[in-house]
$ cat input04.cif   # mmCIF, C-alpha atoms
data_input
loop_
_atom_site.label_atom_id
_atom_site.label_comp_id
_atom_site.auth_asym_id
_atom_site.auth_seq_id
_atom_site.Cartn_x
_atom_site.Cartn_y
_atom_site.Cartn_z
CA MET Z 374 31.50 -14.73 -15.69
CA THR Z 375 29.07 -11.79 -15.79
CA SER Z 376 30.35 -8.26 -16.11
CA LEU Z 377 29.01 -4.75 -16.47
CA GLU Z 378 30.21 -3.31 -19.75
CA ALA Z 379 28.67 0.09 -19.16
CA VAL Z 380 26.32 1.87 -16.79
CA GLY Z 381 24.22 4.89 -17.74
CA THR Z 382 21.94 6.93 -15.51
CA TYR Z 383 19.23 9.49 -15.94
CA LEU Z 384 18.60 12.00 -13.16
CA PRO Z 385 15.48 14.13 -13.75
CA GLU Z 386 16.19 17.83 -13.38
CA GLN Z 387 13.31 18.63 -11.05
CA ARG Z 388 14.49 18.59 -7.43
CA VAL Z 389 11.76 18.38 -4.82
CA PRO Z 390 12.50 18.67 -1.07
CA VAL Z 391 11.52 15.48 0.74
CA ARG Z 392 9.65 17.64 3.24
CA LYS Z 393 7.31 18.77 0.49
CA CYS Z 394 6.74 15.18 -0.67
CA LEU Z 395 6.11 13.85 2.82
CA GLU Z 396 3.78 16.72 3.70
CA ALA Z 397 1.79 15.95 0.56
CA TYR Z 398 1.65 12.27 1.56
CA GLY Z 399 0.24 13.23 4.98
CA PHE Z 400 3.27 12.50 7.18
CA PRO Z 401 3.35 14.15 10.62
CA GLU Z 402 6.12 16.66 11.40
CA ASN Z 403 8.18 14.33 13.59
CA HIS Z 404 8.26 11.67 10.85
CA ILE Z 405 9.27 14.26 8.27
CA ARG Z 406 12.12 15.38 10.48
CA MET Z 407 13.09 11.75 11.05
CA HIS Z 408 13.49 11.28 7.29
CA GLU Z 409 15.54 14.47 7.03
CA ARG Z 410 17.66 14.13 10.16
CA PHE Z 411 18.24 10.42 10.51
CA PHE Z 412 17.25 8.61 7.33
CA GLY Z 413 19.47 10.94 5.33
CA PHE Z 414 17.11 12.47 2.77
CA SER Z 415 17.17 16.00 1.46
CA GLN Z 416 15.52 15.97 -1.93
CA VAL Z 417 14.25 13.62 -4.59
CA ARG Z 418 14.40 13.92 -8.36
CA LEU Z 419 10.99 13.73 -10.03
CA ASP Z 420 9.93 13.88 -13.63
CA PRO Z 421 6.24 14.77 -13.53
CA GLY Z 422 5.91 15.67 -17.19
CA ARG Z 423 7.27 12.42 -18.56
CA ASP Z 424 6.09 8.84 -18.40
CA LEU Z 425 7.86 5.56 -17.67
CA VAL Z 426 8.71 4.97 -21.33
CA ASP Z 427 10.53 8.33 -21.43
CA LEU Z 428 12.32 7.43 -18.23
CA LEU Z 429 13.61 4.08 -19.51
CA VAL Z 430 14.60 5.51 -22.89
CA SER Z 431 16.46 8.36 -21.17
CA ALA Z 432 18.38 5.90 -18.98
CA ALA Z 433 19.46 3.86 -22.00
CA GLY Z 434 20.23 7.11 -23.84
CA GLY Z 435 23.02 7.66 -21.30
CA LEU Z 436 24.80 4.56 -22.60
CA ALA Z 437 27.13 5.71 -25.37
CA GLU Z 438 28.42 2.13 -25.58
CA LEU Z 439 25.01 0.97 -26.83
CA ARG Z 440 24.85 3.20 -29.90
CA GLY Z 441 25.44 1.36 -33.14
CA ARG Z 442 25.52 -1.96 -31.32
CA GLU Z 443 21.81 -2.44 -30.82
CA HIS Z 444 21.91 -5.61 -32.94
CA GLN Z 445 24.15 -7.23 -30.30
CA VAL Z 446 21.49 -6.86 -27.60
CA ARG Z 447 19.75 -10.18 -27.15
CA TYR Z 448 17.82 -9.50 -23.96
CA VAL Z 449 16.23 -6.46 -22.36
CA LEU Z 450 15.23 -6.82 -18.71
CA HIS Z 451 13.23 -4.21 -16.84
CA ALA Z 452 14.11 -4.73 -13.19
CA ARG Z 453 11.45 -3.16 -11.08
CA THR Z 454 10.00 -2.94 -7.63
CA MET Z 455 6.33 -2.76 -8.48
CA PRO Z 456 4.63 -5.67 -10.29
CA VAL Z 457 2.25 -3.22 -11.97
CA VAL Z 458 3.69 -0.03 -13.45
CA ALA Z 459 1.03 1.01 -15.95
CA PRO Z 460 -2.67 0.44 -16.48
CA TYR Z 461 -3.57 -2.41 -18.84
CA PRO Z 462 -3.05 -2.67 -21.82
CA ARG Z 463 -0.09 -0.29 -21.84
CA ASN Z 464 3.30 -1.99 -21.84
CA PRO Z 465 6.03 0.59 -21.14
CA LEU Z 466 8.85 -1.90 -21.57
CA ARG Z 467 7.76 -2.93 -25.07
CA ALA Z 468 7.28 0.71 -26.02
CA ALA Z 469 10.74 1.62 -24.69
CA VAL Z 470 12.34 -1.31 -26.48
CA ARG Z 471 10.82 -0.20 -29.80
CA ARG Z 472 12.01 3.40 -29.30
CA LEU Z 473 15.51 2.16 -28.53
CA GLY Z 474 15.68 0.09 -31.72
CA LEU Z 475 15.77 -3.13 -29.72
CA ALA Z 476 12.50 -4.72 -30.86
CA HIS Z 477 14.43 -7.81 -31.99
CA ALA Z 478 15.51 -8.58 -28.41
CA VAL Z 479 13.67 -10.80 -25.97
CA SER Z 480 12.28 -8.40 -23.38
CA PHE Z 481 10.75 -9.12 -20.01
CA SER Z 482 10.34 -7.70 -16.52
CA VAL Z 483 11.93 -8.96 -13.30
CA THR Z 484 9.90 -8.04 -10.24
CA GLN Z 485 9.95 -10.84 -7.70
CA HIS Z 486 12.76 -9.37 -5.58
CA ALA Z 487 11.15 -5.90 -5.51
CA CYS Z 488 13.90 -3.26 -5.06
CA ALA Z 489 16.52 -6.03 -5.10
CA SER Z 490 15.37 -7.05 -8.61
CA GLY Z 491 18.10 -4.94 -10.23
CA LEU Z 492 20.80 -7.24 -8.92
CA LEU Z 493 18.73 -10.29 -9.79
CA ALA Z 494 18.32 -8.99 -13.36
CA VAL Z 495 22.09 -8.55 -13.74
CA HIS Z 496 22.56 -12.11 -12.50
CA LEU Z 497 19.87 -13.47 -14.84
CA ALA Z 498 21.22 -11.53 -17.82
CA GLY Z 499 24.67 -12.96 -17.26
CA GLN Z 500 23.27 -16.48 -16.94
CA LEU Z 501 21.25 -16.18 -20.14
CA LEU Z 502 24.23 -14.82 -22.10
CA ALA Z 503 26.55 -17.49 -20.73
CA GLY Z 504 24.04 -20.15 -21.74
CA ASP Z 505 23.90 -18.78 -25.29
CA GLY Z 506 27.66 -18.84 -25.63
CA ASP Z 507 27.90 -15.91 -28.06
CA PRO Z 508 30.71 -13.61 -26.85
CA GLN Z 509 29.30 -10.69 -28.85
CA ALA Z 510 25.84 -10.89 -27.33
CA ARG Z 511 24.77 -8.35 -24.73
CA ALA Z 512 21.83 -7.81 -22.40
CA LEU Z 513 20.40 -4.49 -21.33
CA VAL Z 514 19.08 -4.13 -17.79
CA LEU Z 515 16.81 -1.14 -17.29
CA THR Z 516 15.79 0.22 -13.90
CA GLY Z 517 13.60 3.14 -12.93
CA GLU Z 518 9.92 3.60 -12.11
CA LYS Z 519 7.27 6.22 -11.60
CA ALA Z 520 5.90 6.40 -8.08
CA PHE Z 521 2.36 6.45 -9.32
CA THR Z 522 0.53 4.87 -6.39
CA GLY Z 523 0.43 6.09 -2.80
CA SER Z 524 2.02 2.91 -1.45
CA ALA Z 525 4.89 3.30 -3.93
CA ARG Z 526 5.95 6.74 -2.76
CA VAL Z 527 7.49 5.94 0.61
CA ASP Z 528 9.32 2.79 1.64
CA ILE Z 529 8.37 1.53 5.11
CA GLY Z 530 12.04 0.86 5.76
CA GLY Z 531 12.72 4.58 5.54
CA GLY Z 532 13.00 5.74 1.94
CA VAL Z 533 11.38 8.50 -0.09
CA MET Z 534 11.01 7.42 -3.69
CA GLY Z 535 12.62 9.29 -6.57
CA GLU Z 536 12.43 8.81 -10.30
CA ALA Z 537 16.05 8.56 -11.37
CA ALA Z 538 16.77 5.59 -13.64
CA ALA Z 539 19.73 3.50 -14.73
CA ALA Z 540 20.64 1.29 -17.67
CA VAL Z 541 23.28 -1.42 -17.49
CA LEU Z 542 24.86 -3.15 -20.45
CA VAL Z 543 25.69 -6.68 -19.34
CA ARG Z 544 27.98 -9.20 -20.99
CA ALA Z 545 29.20 -12.70 -20.26
CA GLY Z 546 32.96 -12.59 -19.89
CA GLY Z 547 34.93 -9.38 -19.80
CA GLU Z 548 37.40 -8.18 -17.21
CA ARG Z 549 36.13 -4.84 -15.98
CA ASP Z 550 33.36 -4.69 -13.40
CA ARG Z 551 33.37 -8.45 -13.22
CA MET Z 552 30.78 -9.94 -10.87
CA ILE Z 553 32.47 -12.41 -8.55
CA GLY Z 554 29.82 -13.08 -5.92
CA TYR Z 555 26.06 -12.83 -5.55
CA ALA Z 556 23.69 -13.77 -2.78
CA ALA Z 557 19.97 -13.21 -2.34
CA SER Z 558 17.82 -14.32 0.55
CA THR Z 559 14.03 -14.09 0.62
CA HIS Z 560 12.18 -14.09 3.94
CA GLY Z 561 8.56 -14.95 3.27
CA ARG Z 562 7.50 -14.01 6.77
CA TYR Z 563 7.58 -10.42 5.55
CA SER Z 564 5.76 -11.10 2.30
CA ASP Z 565 2.98 -8.60 2.98
CA GLY Z 566 5.48 -5.80 2.35
CA PRO Z 567 3.90 -2.40 2.96
CA TRP Z 568 0.76 -4.11 4.25
CA MET Z 569 2.45 -6.02 7.08
CA SER Z 570 0.78 -5.79 10.47
CA GLU Z 571 2.34 -3.37 12.95
CA PRO Z 572 4.01 -6.12 15.06
CA VAL Z 573 5.50 -7.77 11.97
CA THR Z 574 6.64 -4.37 10.62
CA VAL Z 575 8.41 -3.70 13.92
CA GLU Z 576 9.98 -7.17 13.81
CA PHE Z 577 11.11 -6.56 10.21
CA ARG Z 578 12.75 -3.24 11.11
CA GLU Z 579 14.60 -4.80 14.03
CA ALA Z 580 15.76 -7.80 11.95
CA TYR Z 581 16.73 -5.67 8.95
CA PRO Z 582 20.39 -4.87 9.82
CA ARG Z 583 21.08 -8.50 10.75
CA LEU Z 584 19.50 -9.92 7.59
CA LEU Z 585 21.30 -7.38 5.41
CA ALA Z 586 24.60 -8.11 7.12
CA GLU Z 587 24.10 -11.85 6.62
CA VAL Z 588 23.53 -11.58 2.89
CA ILE Z 589 26.52 -9.24 2.50
CA VAL Z 590 28.75 -11.77 4.30
CA THR Z 591 27.45 -14.58 2.09
CA ALA Z 592 28.09 -12.64 -1.14
CA VAL Z 593 31.60 -11.69 0.02
CA GLU Z 594 32.37 -15.31 0.94
CA ARG Z 595 31.11 -16.51 -2.42
CA ALA Z 596 33.46 -14.00 -4.02
CA GLY Z 597 36.32 -15.64 -2.12
CA LEU Z 598 36.96 -12.43 -0.19
CA THR Z 599 36.68 -11.16 3.34
CA LEU Z 600 34.89 -7.99 4.43
CA ALA Z 601 38.27 -6.32 4.86
CA ASP Z 602 38.84 -6.71 1.11
CA LEU Z 603 35.90 -4.45 0.21
CA ASP Z 604 36.93 -1.02 -1.00
CA LEU Z 605 33.44 0.42 -1.33
CA ILE Z 606 29.79 -0.40 -0.69
CA LEU Z 607 27.20 1.06 -3.04
CA PRO Z 608 23.98 0.94 -0.99
CA HIS Z 609 20.36 1.18 -1.87
CA HIS Z 610 19.12 4.55 -0.65
CA VAL Z 611 17.08 3.52 2.35
CA ASN Z 612 17.46 4.67 5.93
CA ARG Z 613 21.03 5.80 6.59
CA ILE Z 614 20.68 4.77 10.24
CA SER Z 615 19.94 1.17 9.27
CA TRP Z 616 23.05 1.19 7.07
CA LEU Z 617 25.18 2.47 9.94
CA ARG Z 618 23.78 -0.29 12.14
CA THR Z 619 24.53 -2.87 9.46
CA LEU Z 620 28.12 -1.68 9.08
CA ARG Z 621 28.57 -1.74 12.84
CA ARG Z 622 27.31 -5.31 12.93
CA LEU Z 623 29.79 -6.21 10.17
CA GLY Z 624 32.63 -4.48 11.98
CA LEU Z 625 33.09 -2.17 8.99
CA GLY Z 626 33.85 1.09 10.70
CA ARG Z 627 36.25 2.42 8.06
CA PRO Z 628 35.32 5.96 7.03
CA GLY Z 629 34.30 6.18 3.41
CA VAL Z 630 33.62 2.48 2.85
CA LEU Z 631 29.93 3.27 2.38
CA LEU Z 632 29.05 5.67 -0.45
CA LEU Z 633 26.35 7.92 0.97
CA ASP Z 634 26.80 10.95 -1.28
CA SER Z 635 24.06 10.10 -3.76
CA PHE Z 636 21.62 9.27 -0.98
CA PRO Z 637 20.28 12.73 -0.09
CA GLU Z 638 20.33 14.02 -3.64
CA VAL Z 639 18.12 11.60 -5.56
CA GLY Z 640 16.03 9.67 -3.04
CA HIS Z 641 15.37 5.94 -3.18
CA CYS Z 642 15.02 5.17 -6.87
CA PHE Z 643 13.53 1.69 -6.81
CA CYS Z 644 16.10 -0.71 -8.37
CA ALA Z 645 18.47 2.01 -9.65
CA ASP Z 646 20.25 3.17 -6.46
CA SER Z 647 23.43 1.10 -6.56
CA PHE Z 648 23.95 1.82 -10.26
CA ILE Z 649 23.53 5.55 -9.62
CA GLY Z 650 26.08 5.15 -6.84
CA TYR Z 651 28.41 3.32 -9.23
CA GLN Z 652 28.44 6.22 -11.65
CA LEU Z 653 29.03 8.71 -8.87
CA ALA Z 654 31.87 6.60 -7.46
CA CYS Z 655 33.51 6.49 -10.90
CA ARG Z 656 33.17 10.25 -11.28
CA GLN Z 657 34.70 10.77 -7.85
CA GLY Z 658 37.61 8.47 -8.67
CA ARG Z 659 36.69 6.13 -5.84
CA LEU Z 660 36.81 3.01 -8.01
CA ARG Z 661 40.32 2.30 -9.21
CA PRO Z 662 41.13 -0.67 -11.44
CA GLY Z 663 41.03 -3.81 -9.34
CA ALA Z 664 38.88 -2.24 -6.62
CA ARG Z 665 36.43 -4.65 -5.01
CA TYR Z 666 33.02 -3.18 -4.42
CA LEU Z 667 29.65 -4.41 -3.31
CA MET Z 668 26.16 -3.42 -4.34
CA ALA Z 669 23.37 -4.19 -1.89
CA SER Z 670 19.64 -3.82 -1.90
CA VAL Z 671 16.56 -4.89 0.00
CA GLY Z 672 13.20 -5.52 -1.61
CA LEU Z 673 9.99 -5.48 0.35
CA GLY Z 674 8.54 -8.91 0.53
CA ALA Z 675 11.37 -9.35 1.71
CA THR Z 676 14.51 -10.10 -0.30
CA PHE Z 677 17.99 -9.08 0.82
CA ALA Z 678 20.62 -9.16 -1.92
CA ALA Z 679 24.28 -8.31 -2.37
CA MET Z 680 26.63 -8.54 -5.35
CA VAL Z 681 30.41 -8.22 -5.36
CA PHE Z 682 32.40 -6.88 -8.32
CA VAL Z 683 35.99 -6.22 -9.32
CA HIS Z 684 36.39 -2.91 -11.12
CA MET L 1316 24.94 24.63 26.07
CA THR L 1317 24.76 24.19 29.85
CA ILE L 1318 21.98 22.00 31.17
CA ASP L 1319 22.57 20.02 34.32
CA ALA L 1320 22.15 16.27 34.45
CA SER L 1321 18.95 16.35 36.50
CA GLU L 1322 17.32 18.67 33.97
CA VAL L 1323 18.32 16.33 31.13
CA ALA L 1324 16.96 13.35 33.09
CA GLY L 1325 13.68 15.19 33.67
CA THR L 1326 13.30 16.11 29.99
CA VAL L 1327 14.12 12.56 28.86
CA THR L 1328 11.78 11.00 31.40
CA HIS L 1329 8.87 13.22 30.45
CA ALA L 1330 9.39 12.60 26.74
CA LEU L 1331 9.53 8.84 27.34
CA ALA L 1332 6.42 8.96 29.52
CA ARG L 1333 4.46 10.96 26.96
CA MET L 1334 5.41 8.70 24.07
CA ALA L 1335 4.99 5.41 25.93
CA GLY L 1336 1.81 6.44 27.76
CA HIS L 1337 3.32 5.93 31.23
CA ASP L 1338 3.34 7.99 34.40
CA PRO L 1339 6.75 9.74 34.71
CA ALA L 1340 6.88 8.53 38.32
CA ASP L 1341 7.04 4.94 37.05
CA ILE L 1342 10.16 5.62 34.98
CA GLY L 1343 13.54 5.45 36.68
CA PRO L 1344 17.20 5.35 35.63
CA ARG L 1345 17.14 1.57 35.17
CA THR L 1346 13.95 1.45 33.14
CA ARG L 1347 14.67 -0.28 29.81
CA LEU L 1348 13.37 1.43 26.67
CA PHE L 1349 12.71 -1.67 24.59
CA GLU L 1350 11.72 -4.25 27.19
CA ASP L 1351 9.87 -2.07 29.73
CA LEU L 1352 8.47 0.75 27.59
CA ALA L 1353 7.96 -1.21 24.34
CA PHE L 1354 10.00 1.15 22.18
CA ASP L 1355 11.36 -0.05 18.84
CA SER L 1356 14.17 1.41 16.71
CA THR L 1357 11.81 3.81 14.92
CA GLY L 1358 10.26 4.89 18.22
CA VAL L 1359 13.73 5.70 19.52
CA LEU L 1360 14.35 7.98 16.53
CA GLU L 1361 11.00 9.70 17.15
CA LEU L 1362 12.10 10.19 20.74
CA LEU L 1363 15.34 11.81 19.57
CA ILE L 1364 13.38 14.18 17.35
CA GLU L 1365 11.28 15.15 20.39
CA LEU L 1366 14.40 15.70 22.47
CA GLU L 1367 16.02 17.77 19.73
CA THR L 1368 12.99 20.07 19.84
CA SER L 1369 12.86 20.21 23.63
CA LEU L 1370 16.57 20.80 24.13
CA GLY L 1371 17.29 22.85 21.02
CA ILE L 1372 20.12 20.66 19.77
CA GLU L 1373 20.82 18.30 16.89
CA PHE L 1374 22.17 14.84 17.58
CA ASP L 1375 24.93 13.43 15.42
CA ALA L 1376 23.34 10.40 13.73
CA GLU L 1377 26.77 8.84 13.16
CA THR L 1378 27.39 8.56 16.89
CA LEU L 1379 24.25 6.60 17.78
CA GLU L 1380 25.04 3.27 19.40
CA PRO L 1381 22.39 0.68 20.38
CA THR L 1382 23.79 0.66 23.92
CA ASP L 1383 22.82 4.34 24.28
CA PHE L 1384 19.18 3.29 24.26
CA GLU L 1385 19.27 0.37 26.64
CA THR L 1386 18.10 2.24 29.71
CA VAL L 1387 16.93 5.70 30.73
CA ASP L 1388 20.30 6.22 32.41
CA SER L 1389 22.31 5.35 29.29
CA LEU L 1390 20.11 7.63 27.19
CA VAL L 1391 20.53 10.50 29.67
CA ASN L 1392 24.31 9.99 29.51
CA TYR L 1393 24.22 10.05 25.70
CA VAL L 1394 22.11 13.22 25.59
CA SER L 1395 24.31 14.92 28.20
CA LYS L 1396 27.44 14.10 26.21
CA GLN L 1397 25.87 15.41 23.01
CA LEU L 1398 24.96 18.63 24.82
CA GLN L 1399 28.52 19.01 26.06
CA ASP L 1400 30.03 18.26 22.65
CA GLY L 1401 27.55 20.46 20.83
#
$ encode --input "input04.cif" --output "structure tokens"
Amino acid sequence: MTSLEAVGTYLPEQRVPVRKCLEAYGFPENHIRMHERFFGFSQVRLDPGRDLVDLLVSAAGGLAELRGREHQVRYVLHARTMPVVAPYPRNPLRAAVRRLGLAHAVSFSVTQHACASGLLAVHLAGQLLAGDGDPQARALVLTGEKAFTGSARVDIGGGVMGEAAAAVLVRAGGERDRMIGYAASTHGRYSDGPWMSEPVTVEFREAYPRLLAEVIVTAVERAGLTLADLDLILPHHVNRISWLRTLRRLGLGRPGVLLLDSFPEVGHCFCADSFIGYQLACRQGRLRPGARYLMASVGLGATFAAMVFVH
Amino acid sequence: MTIDASEVAGTVTHALARMAGHDPADIGPRTRLFEDLAFDSTGVLELLIELETSLGIEFDAETLEPTDFETVDSLVNYVSKQLQDG
């Protein structure tokens, strides 16, 4: 059984209004207001003076549980949205791993589920550790990216990209934050991602709440639960309206079941959103021991994923 | 804010006509936004932004229901209610 031993996050200090970002990206006024009024964005956190290596190292630096135990880390996975994050031959993951004192670990990137790759990486890390059978072994999942291309800065589903990052220490076994259900569903019809034709983009947007609801139901069923058992949903930070539509479809009208507080403050941070939400939920006391919560994300391409945990 | 129903209907109809490229005279209470005017969910949000500007109000995103956008009549009812509640 996979569990999250610790979660650390790094939120860059620079806060930039989404209006300023979208104006710079050439968005018309009505689309800017749509992001502010309906998609739920206020500002994003950016880190213009620092590169991806700094970002990943800062995320892992937030994990006090990692210090002094680096030798236990067998795998380092960089879960990311973009297949290419730096010009060749730079390898930010290898550089980060060396700076973290983890050069002995097997390190690799997980990209095929785009923004849903964070959940896939947790799943893979748990599988690898379980296969090894060493109860002391750990895996480190890193998330966080620099929006360094135009197409990376705004998600067509309704997200403005930020540069907050998260690090997750994963173990096989363990009781707290135990993963009890995971589902991922890839719909190749939408494989062109941000380059889909207009009719297919429209079709994707209309299908989005249904496909997200379906994968949530599957993950919950695999966890042996019902939707009514969920105490909290930690969403990816894309389009608040689409989340409200998804909850309506699921019949989840309970106030507070969806954590939206981190949404307007940090922007859509690639694969890091649900982990940022996790930390916020812990700080707010919204995850009590035994609470069942669900992380969900959608990656362009298009993969819908959901993962259920017991705190 | 006090705006009568016919004024709301006129504002909604003109916004729909402008965005969909139709003559306002061709749009009636039973005209369907998605099927007849080819709106999608994003287009509907753009429409709401236009109406917010025209009417000087802010809609409550949490109250939006898909049924509010089925026809011109249902949208006019939604906007009127928001104006009353606001």
$ interface_residues --input "input04.cif" --of "chain L" --to "chain Z" --cutoff "7 Å" --atoms "only C-alpha atoms" --output "PyMOL selection string"
chain L and resi 1355-1356+1360-1361+1364+1376
$ closest_residue --input "input04.cif" --among "Z:Met569, Z:Ala538, Z:Leu466, Z:Ala503" --to "Leu450 (chain Z)" --atoms "only C-alpha atoms"
Z:Leu466
$ resolve_selection --input "input04.cif" --expression "the PyMOL selection byres ((chain L and resi 1389-1396) around 9)" --output "number ranges by chain"
L: 1318-1320, 1323-1324, 1327-1328, 1344-1345, 1366, 1374, 1379, 1382-1388, 1397-1401
$ atom_distance --input "input04.cif" --atom1 "CA of Tyr448 (chain Z)" --atom2 "CA of Phe643 (chain Z)"
20.9 Å
$ atom_distance --input "input04.cif" --atom1 "CA of Gly624 (chain Z)" --atom2 "CA of Ala596 (chain Z)"
18.6 Å
$ atom_distance --input "input04.cif" --atom1 "CA of Pro1339 (chain L)" --atom2 "CA of Ser570 (chain Z)"
29.4 Å
$ residues_around --input "input04.cif" --residues "Val426 (chain Z)" --least-positions-apart "2" --cutoff "7 Å" --atoms "all atoms listed in the file" --output "VMD selection string"
chain Z and resid 424 428 to 430 465 to 466 468 to 469
